[in-house]
Amino acid sequence: MRLFLVRHGESLGNINEQAYRQFGDHNVPLTQWGHRQALEAGGVIASYLNALPSAGFGKLQIWYSPFLRTRQSKDALLEALPESVVGDIREDYLLREQDFGLFAEIYDHAEQKQKFPEEFEKWARLRSNSGKFYARPPDGESRADVAQRVRLFLQTVMHDAENSDRNVVIVGHGVTNRAVEMNFLHRPVEWFERSDNPGNADITLIEGTRSQGYESILLHQAADRQPGQEGELRDAYGADVTLTPKPTA
């Protein structure tokens, strides 16, 4: 069984946090650069599969988060993958991004503290006393909550794979994809606490069998902007939208 964990490509939110507030976390689109990254990731998966022996090869089962940037990334992967290797394509809300509750769409800690001082101090205490993994932002989800719902999702994946070899692509977010790896490989909480989110359009491959065990590798690290490219392809992909400047005080 193979799991290709693909984080969405660069989104408007990755280059300007104001996008989360303007569009809502679920509706932030990819940038043109992010679409290019996702196309490249699809090509990497296609090349990897092409190099495998044909015996026992199973078509890709593709799962994706319902957020716009992951749906667009999924579509880009499909552009790059031959139709002959693609099987079922399914959306699952359990793969959505972590919900930060009151702090959703406010990623600046100083602004969080200014707008919700009591809630912010309580969250800070929880992070200090219990660790980031367990600390739940007000009205939101902790990383432990995300890991629990991802475990439910993996039950569906493993049930589908019981009677055949499976190649699975999961197009998700930084936290959710880490939660998939944590659950599937039985990583401890300490691993999650010290690990970082994968980069935009990075691919982590988990491969193995139940009897022999599974291992993960970073199969592909997406190209990031280089000096001189900072201003390239920063517009939204597939939508005629622009970012509204943040009001000045």
# chains A, B, ... in the order shown; residues from 1 in each chain; ligands from 1
>>> select_by_dssp(residues="stretch 1-171 of chain A", states="strand (DSSP E or B)", output="list in words")
Arg2, Leu3, Phe4, Leu5, Val6, Arg7, Ser11, Leu30, Thr31, Leu60, Gln61, Ile62, Trp63, Tyr64, Val86, Gly87, Asp88, Ile89, Arg90, Glu91, Asn167, Val168, Val169, Ile170 and Val171 of chain A
>>> write_last_selection(atoms="C-alpha atoms", output="CSV table (one decimal), in the first residue's frame")
chain,number,residue,atom,x,y,z
A,2,ARG,CA,1.2,3.5,-0.8
A,3,LEU,CA,-0.1,6.8,0.5
A,4,PHE,CA,1.0,10.0,-1.2
A,5,LEU,CA,0.3,12.9,1.2
A,6,VAL,CA,0.2,16.1,-0.8
A,7,ARG,CA,-0.2,19.5,0.9
A,11,SER,CA,-2.4,29.9,-1.6
A,30,LEU,CA,-4.3,29.0,-4.8
A,31,THR,CA,-1.9,31.5,-6.3
A,60,LEU,CA,-5.0,5.8,-7.5
A,61,GLN,CA,-7.8,6.5,-5.0
A,62,ILE,CA,-7.7,10.2,-4.5
A,63,TRP,CA,-9.1,11.9,-1.4
A,64,TYR,CA,-9.2,15.7,-0.8
A,86,VAL,CA,-6.8,7.3,-11.7
A,87,GLY,CA,-9.6,5.5,-9.9
A,88,ASP,CA,-12.1,6.9,-7.4
A,89,ILE,CA,-12.0,10.6,-6.5
A,90,ARG,CA,-13.6,11.5,-3.3
A,91,GLU,CA,-14.0,14.6,-1.0
A,167,ASN,CA,-2.3,3.5,-4.1
A,168,VAL,CA,-3.9,6.4,-2.2
A,169,VAL,CA,-3.4,10.2,-2.7
A,170,ILE,CA,-4.5,12.5,0.1
A,171,VAL,CA,-4.6,16.2,-0.8
>>> residues_around(residues="A:Ser142", least_positions_apart="6", cutoff="10 Å", atoms="only C-alpha atoms", output="mmCIF file with C-alpha atoms, in the first residue's frame")
data_model
loop_
_atom_site.group_PDB
_atom_site.id
_atom_site.type_symbol
_atom_site.label_atom_id
_atom_site.label_comp_id
_atom_site.auth_asym_id
_atom_site.auth_seq_id
_atom_site.Cartn_x
_atom_site.Cartn_y
_atom_site.Cartn_z
ATOM 1 C CA GLN A 98 -7.641 22.796 11.802
ATOM 2 C CA ASP A 99 -10.402 25.061 13.146
ATOM 3 C CA PHE A 100 -8.982 27.879 15.268
ATOM 4 C CA LYS A 132 0.627 22.651 21.704
ATOM 5 C CA PHE A 133 -0.800 19.277 20.740
ATOM 6 C CA TYR A 134 -3.521 19.340 23.415
ATOM 7 C CA ALA A 135 -4.197 23.071 23.732
ATOM 8 C CA ARG A 136 -7.573 23.924 22.217
ATOM 9 C CA GLN A 148 -8.807 12.047 16.244
#
>>> closest_atom_pairs(of="stretch 19-43 of chain A", to="stretch 221-242 of chain A", cutoff="9 Å", atoms="only C-alpha atoms", output="Markdown table")
| residue | atom | partner | partner_atom | distance |
| --- | --- | --- | --- | --- |
| A:Val28 | CA | A:Ala236 | CA | 8.9 |
| A:Pro29 | CA | A:Ala236 | CA | 6.1 |
| A:Leu30 | CA | A:Tyr237 | CA | 5.4 |
| A:Thr31 | CA | A:Ala236 | CA | 4.4 |
| A:Gln32 | CA | A:Tyr237 | CA | 4.8 |
| A:Trp33 | CA | A:Leu233 | CA | 5.1 |
| A:Gly34 | CA | A:Tyr237 | CA | 8.0 |
| A:His35 | CA | A:Tyr237 | CA | 6.8 |
| A:Gln37 | CA | A:Ala222 | CA | 6.2 |
| A:Ala38 | CA | A:Ala222 | CA | 8.5 |
| A:Glu40 | CA | A:Ala222 | CA | 7.8 |
| A:Ala41 | CA | A:Ala222 | CA | 7.3 |
>>> closest_residue(among="A:Thr70, A:Tyr107, A:Gly140, A:Ile217", to="A:Tyr20", atoms="only C-alpha atoms")
A:Tyr107
>>> residues_around(residues="A:Tyr214", least_positions_apart="4", cutoff="9 Å", atoms="only C-alpha atoms", output="PyMOL selection string")
chain A and resi 1+184-185+206-210
>>> residues_around(residues="A:Arg96", least_positions_apart="3", cutoff="8 Å", atoms="only C-alpha atoms", output="list in words")
Ser65, Pro66, Phe67, Asp92, Tyr93, Gly172, His173 and Thr176 of chain A
>>> write_last_selection(atoms="C-alpha atoms", output="mmCIF file, in the first residue's frame")
data_model
loop_
_atom_site.group_PDB
_atom_site.id
_atom_site.type_symbol
_atom_site.label_atom_id
_atom_site.label_comp_id
_atom_site.auth_asym_id
_atom_site.auth_seq_id
_atom_site.Cartn_x
_atom_site.Cartn_y
_atom_site.Cartn_z
ATOM 1 C CA SER A 65 -10.247 18.298 1.679
ATOM 2 C CA PRO A 66 -13.307 20.387 0.706
ATOM 3 C CA PHE A 67 -11.419 23.692 1.062
ATOM 4 C CA ASP A 92 -13.987 14.115 2.782
ATOM 5 C CA TYR A 93 -14.698 16.889 5.293
ATOM 6 C CA GLY A 172 -4.812 18.030 2.510
ATOM 7 C CA HIS A 173 -3.295 20.675 4.743
ATOM 8 C CA THR A 176 -4.048 17.229 8.724
#
>>> atom_distance(atom1="atom CA of A:Gln72", atom2="atom CA of A:Leu94")
17.6 Å
>>> closest_residue(among="A:Val175, A:Leu39, A:Ala110, A:Leu152", to="A:Ser73", atoms="only C-alpha atoms")
A:Leu39
